[in-house]
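my_file_39.txt (compact mmCIF, C-alpha atoms) appears below.
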# COMPACT_ATOMS: atom_id res chain seq x y z
CA MET A 1 -40.49 -33.08 79.31
CA GLY A 2 -38.55 -31.00 81.73
CA GLN A 3 -38.42 -27.25 82.03
CA ASP A 4 -34.98 -27.18 80.41
CA GLN A 5 -36.30 -29.06 77.37
CA LYS A 6 -39.20 -26.59 77.03
CA ASP A 7 -36.71 -23.75 77.10
CA GLN A 8 -34.66 -25.45 74.38
CA LEU A 9 -37.69 -25.87 72.17
CA GLY A 10 -38.54 -22.28 72.69
CA ARG A 11 -35.07 -21.30 71.66
CA ARG A 12 -35.26 -23.54 68.60
CA GLN A 13 -38.53 -21.97 67.58
CA PHE A 14 -36.98 -18.58 68.02
CA PHE A 15 -34.05 -19.40 65.75
CA ARG A 16 -36.37 -21.06 63.25
CA ALA A 17 -38.45 -17.92 63.06
CA LEU A 18 -35.32 -15.83 62.82
CA GLY A 19 -33.97 -18.00 60.00
CA GLY A 20 -37.23 -17.86 58.11
CA GLY A 21 -37.25 -14.10 58.36
CA THR A 22 -33.67 -13.92 57.10
CA VAL A 23 -34.48 -16.08 54.10
CA ALA A 24 -37.49 -13.94 53.28
CA ALA A 25 -35.37 -10.79 53.54
CA ALA A 26 -32.69 -12.32 51.34
CA VAL A 27 -35.27 -13.21 48.71
CA GLY A 28 -36.58 -9.68 48.83
CA VAL A 29 -33.12 -8.18 48.46
CA SER A 30 -32.13 -10.49 45.63
CA THR A 31 -35.25 -9.88 43.56
CA ALA A 32 -35.63 -6.15 44.09
CA PRO A 33 -32.48 -5.04 42.19
CA LEU A 34 -33.42 -7.17 39.19
CA THR A 35 -36.50 -5.10 38.65
CA ALA A 36 -35.07 -1.77 39.77
CA THR A 37 -31.77 -1.71 37.84
CA GLU A 38 -32.72 -3.37 34.58
CA ALA A 39 -30.55 -1.93 31.82
CA GLN A 40 -32.37 0.57 29.65
CA ALA A 41 -30.98 2.68 26.83
CA TYR A 42 -31.04 6.43 27.35
CA ASP A 43 -34.22 7.79 25.84
CA PRO A 44 -34.13 11.59 25.72
CA GLY A 45 -37.69 11.80 24.41
CA THR A 46 -39.57 11.74 21.14
CA ASP A 47 -39.03 15.43 20.44
CA GLU A 48 -35.26 15.16 20.83
CA THR A 49 -35.00 12.16 18.53
CA ARG A 50 -37.40 13.35 15.85
CA SER A 51 -36.19 13.82 12.30
CA ARG A 52 -34.66 17.22 11.56
CA TYR A 53 -33.50 16.55 8.03
CA ARG A 54 -35.43 18.49 5.42
CA LEU A 55 -34.96 18.61 1.68
CA THR A 56 -34.53 22.37 1.61
CA ASP A 57 -33.26 24.39 -1.33
CA GLU A 58 -29.79 24.41 0.24
CA VAL A 59 -29.75 20.62 0.54
CA LYS A 60 -31.00 20.26 -3.03
CA ALA A 61 -28.24 22.58 -4.18
CA PHE A 62 -25.68 20.45 -2.37
CA TYR A 63 -26.87 17.29 -4.10
CA ARG A 64 -27.02 19.03 -7.46
CA THR A 65 -23.55 20.58 -7.28
CA ASN A 66 -21.97 17.37 -6.03
CA GLY A 67 -23.48 15.31 -8.79
CA TYR A 68 -23.68 17.75 -11.67
CA GLU A 69 -20.72 16.18 -13.43
CA THR A 70 -22.05 12.70 -13.33
CA LEU A 71 -25.75 12.55 -12.66
CA GLN A 72 -27.36 12.21 -16.06
CA ASN A 73 -30.43 14.13 -15.03
CA SER A 74 -29.42 16.66 -12.41
CA THR A 75 -33.02 17.50 -11.60
CA ASN A 76 -33.43 14.02 -10.14
CA ALA A 77 -31.21 15.06 -7.25
CA GLY A 78 -33.69 17.67 -6.17
CA LYS A 79 -36.78 15.57 -6.70
CA LYS A 80 -35.70 12.50 -4.81
CA MET B 1 -37.01 7.95 6.30
CA ALA B 2 -33.67 9.39 5.21
CA ARG B 3 -30.55 7.97 6.81
CA MET B 4 -27.80 10.54 7.27
CA LYS B 5 -24.39 9.28 6.15
CA PHE B 6 -20.93 10.55 5.32
CA LEU B 7 -19.04 9.28 2.28
CA CYS B 8 -15.52 10.44 1.42
CA ASP B 9 -14.43 10.04 -2.17
CA ALA B 10 -10.74 9.32 -1.58
CA ASP B 11 -9.95 9.89 -5.24
CA ARG B 12 -10.91 13.54 -4.86
CA CYS B 13 -9.61 14.36 -1.36
CA ILE B 14 -6.51 16.56 -1.56
CA GLU B 15 -5.79 16.66 2.19
CA CYS B 16 -6.49 20.38 2.47
CA ASN B 17 -8.02 19.92 5.94
CA ALA B 18 -10.73 22.46 5.21
CA CYS B 19 -13.29 20.05 6.64
CA VAL B 20 -11.32 19.83 9.89
CA THR B 21 -11.01 23.60 10.13
CA ALA B 22 -14.65 24.22 9.24
CA CYS B 23 -15.80 21.79 11.90
CA LYS B 24 -13.64 23.31 14.63
CA ASN B 25 -14.74 26.81 13.72
CA GLU B 26 -18.43 26.04 13.34
CA HIS B 27 -18.74 24.30 16.70
CA GLU B 28 -15.99 26.16 18.55
CA VAL B 29 -14.40 22.82 19.37
CA PRO B 30 -11.85 23.27 22.18
CA TRP B 31 -8.15 22.61 21.92
CA GLY B 32 -7.20 18.96 21.96
CA ILE B 33 -10.35 17.77 20.25
CA ASN B 34 -10.73 17.03 16.57
CA ARG B 35 -14.17 15.82 15.67
CA ARG B 36 -12.92 15.27 12.14
CA ARG B 37 -9.46 14.53 10.78
CA VAL B 38 -7.85 13.65 7.48
CA VAL B 39 -5.96 10.37 7.31
CA THR B 40 -3.44 9.88 4.50
CA LEU B 41 -2.25 6.49 3.27
CA ASN B 42 1.19 6.20 1.65
CA ASP B 43 1.88 9.85 2.39
CA GLY B 44 4.39 11.38 0.01
CA LYS B 45 4.49 8.39 -2.30
CA PRO B 46 2.93 8.03 -5.73
CA GLY B 47 -0.67 6.99 -5.41
CA GLU B 48 -1.18 8.38 -1.92
CA ARG B 49 -4.78 8.58 -0.83
CA SER B 50 -6.43 10.73 1.82
CA VAL B 51 -9.74 10.20 3.51
CA SER B 52 -11.62 12.51 5.84
CA MET B 53 -12.75 10.65 8.94
CA ALA B 54 -15.21 11.43 11.73
CA CYS B 55 -17.99 9.61 13.50
CA MET B 56 -19.67 7.47 10.86
CA HIS B 57 -22.95 7.30 12.79
CA CYS B 58 -23.09 3.52 12.66
CA THR B 59 -26.40 1.76 12.40
CA ASP B 60 -25.46 -0.63 15.22
CA ALA B 61 -23.01 1.66 16.97
CA PRO B 62 -20.35 -0.15 19.03
CA CYS B 63 -19.87 2.96 21.19
CA ALA B 64 -23.48 2.71 22.30
CA ALA B 65 -23.11 -1.02 22.88
CA VAL B 66 -20.23 -0.62 25.34
CA CYS B 67 -21.34 2.57 27.12
CA PRO B 68 -21.83 1.67 30.81
CA VAL B 69 -24.24 4.55 31.42
CA ASN B 70 -26.18 4.32 28.13
CA CYS B 71 -25.67 7.95 27.20
CA PHE B 72 -25.96 7.30 23.44
CA TYR B 73 -29.13 7.49 21.41
CA THR B 74 -29.98 7.40 17.72
CA THR B 75 -32.27 9.97 16.17
CA ALA B 76 -34.89 9.33 13.50
CA ASP B 77 -32.30 10.58 10.98
CA ALA B 78 -29.99 7.69 12.03
CA VAL B 79 -27.57 10.14 13.66
CA VAL B 80 -25.80 8.78 16.75
CA LEU B 81 -25.75 11.40 19.51
CA HIS B 82 -24.96 11.33 23.21
CA SER B 83 -25.79 13.23 26.37
CA LYS B 84 -22.87 14.96 28.06
CA ASP B 85 -24.95 15.19 31.23
CA ILE B 86 -24.90 11.40 31.50
CA CYS B 87 -21.42 10.65 30.08
CA ILE B 88 -18.85 9.81 32.78
CA GLY B 89 -15.79 9.97 30.51
CA CYS B 90 -14.82 6.33 31.02
CA GLY B 91 -13.34 6.02 27.51
CA TYR B 92 -14.98 2.71 26.60
CA CYS B 93 -16.51 4.22 23.47
CA PHE B 94 -13.07 5.33 22.32
CA TYR B 95 -11.77 1.77 22.61
CA ALA B 96 -14.82 0.37 20.81
CA CYS B 97 -15.00 2.85 17.94
CA PRO B 98 -13.22 1.57 14.78
CA PHE B 99 -12.81 5.15 13.53
CA GLY B 100 -11.37 6.80 16.65
CA ALA B 101 -14.25 9.26 16.69
CA PRO B 102 -14.78 9.82 20.45
CA GLN B 103 -12.49 12.56 21.77
CA TYR B 104 -11.78 13.92 25.25
CA PRO B 105 -10.80 17.43 26.31
CA ARG B 106 -7.94 16.26 28.55
CA VAL B 107 -5.37 13.49 28.52
CA GLY B 108 -5.65 11.39 31.64
CA ASN B 109 -7.12 8.43 33.36
CA PHE B 110 -10.74 7.56 33.91
CA GLY B 111 -12.41 10.40 35.75
CA SER B 112 -9.94 13.08 34.72
CA ARG B 113 -10.30 13.29 30.93
CA GLY B 114 -13.69 15.00 30.93
CA LYS B 115 -16.84 14.38 28.94
CA MET B 116 -16.59 12.67 25.58
CA ASP B 117 -17.01 14.82 22.49
CA LYS B 118 -17.62 13.66 18.93
CA CYS B 119 -19.13 14.60 15.62
CA THR B 120 -22.84 15.32 15.96
CA TYR B 121 -23.52 15.45 12.23
CA CYS B 122 -24.13 19.14 12.92
CA SER B 123 -27.35 18.20 14.71
CA GLY B 124 -26.70 19.28 18.30
CA GLY B 125 -27.75 17.15 21.25
CA PRO B 126 -30.66 16.41 23.56
CA GLU B 127 -31.06 20.07 24.58
CA PRO B 128 -33.72 22.17 22.80
CA ASP B 129 -32.89 22.96 19.18
CA LEU B 130 -30.71 26.03 18.58
CA SER B 131 -30.52 26.84 22.30
CA VAL B 132 -27.48 28.33 24.02
CA ALA B 133 -27.07 25.23 26.16
CA GLU B 134 -27.05 23.03 23.08
CA TYR B 135 -24.44 25.16 21.36
CA GLU B 136 -22.14 25.24 24.40
CA LYS B 137 -22.20 21.47 24.82
CA TYR B 138 -22.50 20.15 21.27
CA GLY B 139 -22.05 23.00 18.83
CA SER B 140 -24.40 24.29 16.18
CA ASN B 141 -27.46 22.46 14.95
CA ARG B 142 -27.36 22.95 11.19
CA LEU B 143 -29.69 20.04 10.49
CA ALA B 144 -32.47 21.85 12.37
CA GLU B 145 -31.76 24.88 10.20
CA GLY B 146 -32.33 22.85 7.05
CA LYS B 147 -28.64 22.55 6.24
CA LEU B 148 -26.13 19.73 5.94
CA PRO B 149 -22.86 19.33 7.91
CA LEU B 150 -20.49 22.18 7.17
CA CYS B 151 -17.49 19.91 6.56
CA ALA B 152 -19.20 18.49 3.48
CA GLU B 153 -20.57 21.82 2.30
CA MET B 154 -17.09 23.36 2.59
CA CYS B 155 -15.29 20.63 0.66
CA SER B 156 -13.71 22.36 -2.33
CA THR B 157 -13.17 19.22 -4.38
CA LYS B 158 -16.56 17.71 -3.53
CA ALA B 159 -14.80 14.73 -1.99
CA LEU B 160 -16.78 14.66 1.23
CA LEU B 161 -20.43 13.84 0.69
CA ALA B 162 -23.09 14.12 3.37
CA GLY B 163 -26.84 13.73 3.41
CA ASP B 164 -29.38 11.05 2.63
CA GLY B 165 -27.46 7.79 2.25
CA GLU B 166 -29.36 6.77 -0.87
CA MET B 167 -28.71 10.09 -2.55
CA ILE B 168 -24.97 10.33 -1.88
CA ALA B 169 -24.54 6.65 -2.78
CA GLU B 170 -26.13 7.39 -6.14
CA ILE B 171 -23.81 10.37 -6.68
CA TYR B 172 -20.78 8.24 -5.82
CA LYS B 173 -21.90 5.34 -8.02
CA GLN B 174 -22.23 7.67 -10.98
CA ARG B 175 -18.76 9.05 -10.34
CA VAL B 176 -17.30 5.55 -10.19
CA ILE B 177 -19.03 4.52 -13.40
CA LYS B 178 -17.84 7.62 -15.24
CA ARG B 179 -14.19 7.44 -14.21
CA GLY B 180 -14.06 3.67 -14.34
CA TYR B 181 -12.63 2.98 -10.93
CA GLY B 182 -13.49 3.52 -7.30
CA SER B 183 -11.59 5.39 -4.62
CA GLY B 184 -8.21 4.16 -5.79
CA ALA B 185 -7.32 3.55 -2.18
CA TRP B 186 -5.26 0.61 -1.04
CA GLY B 187 -7.31 -2.57 -1.07
CA TRP B 188 -9.87 -1.42 -3.59
CA LYS B 189 -8.76 -3.83 -6.31
CA THR B 190 -8.57 -6.63 -3.79
CA ALA B 191 -12.15 -6.01 -2.80
CA TYR B 192 -13.67 -5.11 -6.15
CA ARG B 193 -11.25 -6.58 -8.74
CA GLU B 194 -9.85 -4.64 -11.66
CA THR B 195 -13.13 -3.81 -13.29
CA VAL B 196 -15.92 -1.89 -11.69
CA ALA B 197 -19.28 -3.59 -11.74
CA ILE B 198 -22.08 -1.87 -9.89

Go through the file and emit its structure as structure tokens.
Amino acid sequence: MGQDQKDQLGRRQFFRALGGGTVAAAVGVSTAPLTATEAQAYDPGTDETRSRYRLTDEVKAFYRTNGYETLQNSTNAGKK
Amino acid sequence: MARMKFLCDADRCIECNACVTACKNEHEVPWGINRRRVVTLNDGKPGERSVSMACMHCTDAPCAAVCPVNCFYTTADAVVLHSKDICIGCGYCFYACPFGAPQYPRVGNFGSRGKMDKCTYCSGGPEPDLSVAEYEKYGSNRLAEGKLPLCAEMCSTKALLAGDGEMIAEIYKQRVIKRGYGSGAWGWKTAYRETVAI
């Protein structure tokens, strides 16, 4: 094996190492966004999404006055 | 858990637009935006029917499904709200909504029409309850005050019902049974036949 052939092998090893590094980098780039940008619905927090509806006297009055003509027992509207 | 719903009894709606006015006044909705509007079928003809329309707070909301920035969320009361801090005004929700609920402050292309605005069921937004920031962005938060949406409370003919879905459905069913027919709107007989059977 001549000196030229040794140089060629060295160059081949260099490109092989370079190619391997490129593939590894590509794998890293392709997998990273999948974990980083996974779609997630906006979650403002448990306090912001908690229930605010309450069966207050005003709400009961609304149900009663809207159903007074037809609801057979108007007191049911307030109790439900 | 109560599910907040709107139900408009088209047989009672007289197209007075009080609900529209009440909504705009209560939330100081800017010009160009109507969170609620009254739609009339067969206007001026015998048998015309009007229905008050706004965001119906869908269980599986198509606006939320198409939003590219996921700015929508559903509260424990089943009210569909959104964050104006996240909204980019793309308009996808407007195309997806079957009721035309999403509104924009300006007419224009993507990026120039501003943040989307819609009915909040009088329950504000993600900001702290009854805060100034919440009022400026989303309007008043009547639900946190123990009240129901003002559009329904203002309705003079009791056509627009709001509140717990089970409760207002019961009120409407009783009305239908008593008068013997449903809304009287176009398509009712096609869907439910001549006789009412609930």

Near chain A, 9 Å: chain B residue rows, closest pairs, only C-alpha atoms, as JSON lines:
{"residue": "B:Met1", "atom": "CA", "partner": "A:Ser51", "partner_atom": "CA", "distance": 8.4}
{"residue": "B:Ala2", "atom": "CA", "partner": "A:Tyr53", "partner_atom": "CA", "distance": 7.7}
{"residue": "B:Met4", "atom": "CA", "partner": "A:Tyr53", "partner_atom": "CA", "distance": 8.3}
{"residue": "B:Ala64", "atom": "CA", "partner": "A:Ala41", "partner_atom": "CA", "distance": 8.8}
{"residue": "B:Val69", "atom": "CA", "partner": "A:Tyr42", "partner_atom": "CA", "distance": 8.1}
{"residue": "B:Asn70", "atom": "CA", "partner": "A:Ala41", "partner_atom": "CA", "distance": 5.2}
{"residue": "B:Cys71", "atom": "CA", "partner": "A:Tyr42", "partner_atom": "CA", "distance": 5.6}
{"residue": "B:Phe72", "atom": "CA", "partner": "A:Tyr42", "partner_atom": "CA", "distance": 6.5}
{"residue": "B:Tyr73", "atom": "CA", "partner": "A:Tyr42", "partner_atom": "CA", "distance": 6.3}
{"residue": "B:Thr74", "atom": "CA", "partner": "A:Thr49", "partner_atom": "CA", "distance": 7.0}
{"residue": "B:Thr75", "atom": "CA", "partner": "A:Thr49", "partner_atom": "CA", "distance": 4.2}
{"residue": "B:Ala76", "atom": "CA", "partner": "A:Ser51", "partner_atom": "CA", "distance": 4.8}
{"residue": "B:Asp77", "atom": "CA", "partner": "A:Ser51", "partner_atom": "CA", "distance": 5.2}
{"residue": "B:Ala78", "atom": "CA", "partner": "A:Ser51", "partner_atom": "CA", "distance": 8.7}
{"residue": "B:His82", "atom": "CA", "partner": "A:Tyr42", "partner_atom": "CA", "distance": 8.8}
{"residue": "B:Ser83", "atom": "CA", "partner": "A:Pro44", "partner_atom": "CA", "distance": 8.5}
{"residue": "B:Ile86", "atom": "CA", "partner": "A:Tyr42", "partner_atom": "CA", "distance": 8.9}
{"residue": "B:Ser123", "atom": "CA", "partner": "A:Arg52", "partner_atom": "CA", "distance": 8.0}
{"residue": "B:Gly125", "atom": "CA", "partner": "A:Glu48", "partner_atom": "CA", "distance": 7.8}
{"residue": "B:Pro126", "atom": "CA", "partner": "A:Glu48", "partner_atom": "CA", "distance": 5.5}
{"residue": "B:Glu127", "atom": "CA", "partner": "A:Glu48", "partner_atom": "CA", "distance": 7.5}
{"residue": "B:Pro128", "atom": "CA", "partner": "A:Glu48", "partner_atom": "CA", "distance": 7.4}
{"residue": "B:Asp129", "atom": "CA", "partner": "A:Glu48", "partner_atom": "CA", "distance": 8.3}
{"residue": "B:Leu143", "atom": "CA", "partner": "A:Tyr53", "partner_atom": "CA", "distance": 5.7}
{"residue": "B:Ala144", "atom": "CA", "partner": "A:Arg52", "partner_atom": "CA", "distance": 5.2}
{"residue": "B:Glu145", "atom": "CA", "partner": "A:Arg52", "partner_atom": "CA", "distance": 8.3}
{"residue": "B:Gly146", "atom": "CA", "partner": "A:Arg54", "partner_atom": "CA", "distance": 5.6}
{"residue": "B:Lys147", "atom": "CA", "partner": "A:Val59", "partner_atom": "CA", "distance": 6.1}
{"residue": "B:Leu148", "atom": "CA", "partner": "A:Val59", "partner_atom": "CA", "distance": 6.6}
{"residue": "B:Ala152", "atom": "CA", "partner": "A:Phe62", "partner_atom": "CA", "distance": 8.9}
{"residue": "B:Glu153", "atom": "CA", "partner": "A:Phe62", "partner_atom": "CA", "distance": 7.1}
{"residue": "B:Lys158", "atom": "CA", "partner": "A:Asn66", "partner_atom": "CA", "distance": 6.0}
{"residue": "B:Ala159", "atom": "CA", "partner": "A:Asn66", "partner_atom": "CA", "distance": 8.6}
{"residue": "B:Leu161", "atom": "CA", "partner": "A:Asn66", "partner_atom": "CA", "distance": 7.7}
{"residue": "B:Ala162", "atom": "CA", "partner": "A:Phe62", "partner_atom": "CA", "distance": 8.9}
{"residue": "B:Gly163", "atom": "CA", "partner": "A:Val59", "partner_atom": "CA", "distance": 8.0}
{"residue": "B:Asp164", "atom": "CA", "partner": "A:Tyr53", "partner_atom": "CA", "distance": 8.7}
{"residue": "B:Met167", "atom": "CA", "partner": "A:Ala77", "partner_atom": "CA", "distance": 7.3}
{"residue": "B:Ile168", "atom": "CA", "partner": "A:Tyr63", "partner_atom": "CA", "distance": 7.5}
{"residue": "B:Glu170", "atom": "CA", "partner": "A:Leu71", "partner_atom": "CA", "distance": 8.3}
{"residue": "B:Ile171", "atom": "CA", "partner": "A:Gly67", "partner_atom": "CA", "distance": 5.4}
{"residue": "B:Tyr172", "atom": "CA", "partner": "A:Gly67", "partner_atom": "CA", "distance": 8.1}
{"residue": "B:Gln174", "atom": "CA", "partner": "A:Thr70", "partner_atom": "CA", "distance": 5.6}
{"residue": "B:Arg175", "atom": "CA", "partner": "A:Thr70", "partner_atom": "CA", "distance": 5.8}
{"residue": "B:Ile177", "atom": "CA", "partner": "A:Thr70", "partner_atom": "CA", "distance": 8.7}
{"residue": "B:Lys178", "atom": "CA", "partner": "A:Thr70", "partner_atom": "CA", "distance": 6.9}

Please give the centre and size of the box around stretch 121-136 of chain B (axis-aligned, containing every atom listed in the file, 4 Å added per side), with values in Å to one decimal and written as AutoDock Vina command-line options.
--center_x -27.9 --center_y 21.9 --center_z 19.2 --size_x 19.6 --size_y 20.9 --size_z 21.9

_Please list as a list in words every residue within 10 Å of B:Pro68, counting only C-alpha atoms and excluding residues in the same chain fewer than 3 positions away._
Ala39 of chain A; Cys63, Ala64, Ala65, Cys71, Cys87, Ile88, Cys90, Tyr92 and Cys93 of chain B

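Atom pair atom CA of B:Phe99 / atom CA of B:Glu136: separated by 24.7 Å.
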
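A straight line drawn from atom CA of B:Val80 to atom CA of B:Pro62 is 10.7 Å long.
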
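Atom pair atom CA of B:Gly91 / atom CA of B:Tyr135: separated by 23.0 Å.
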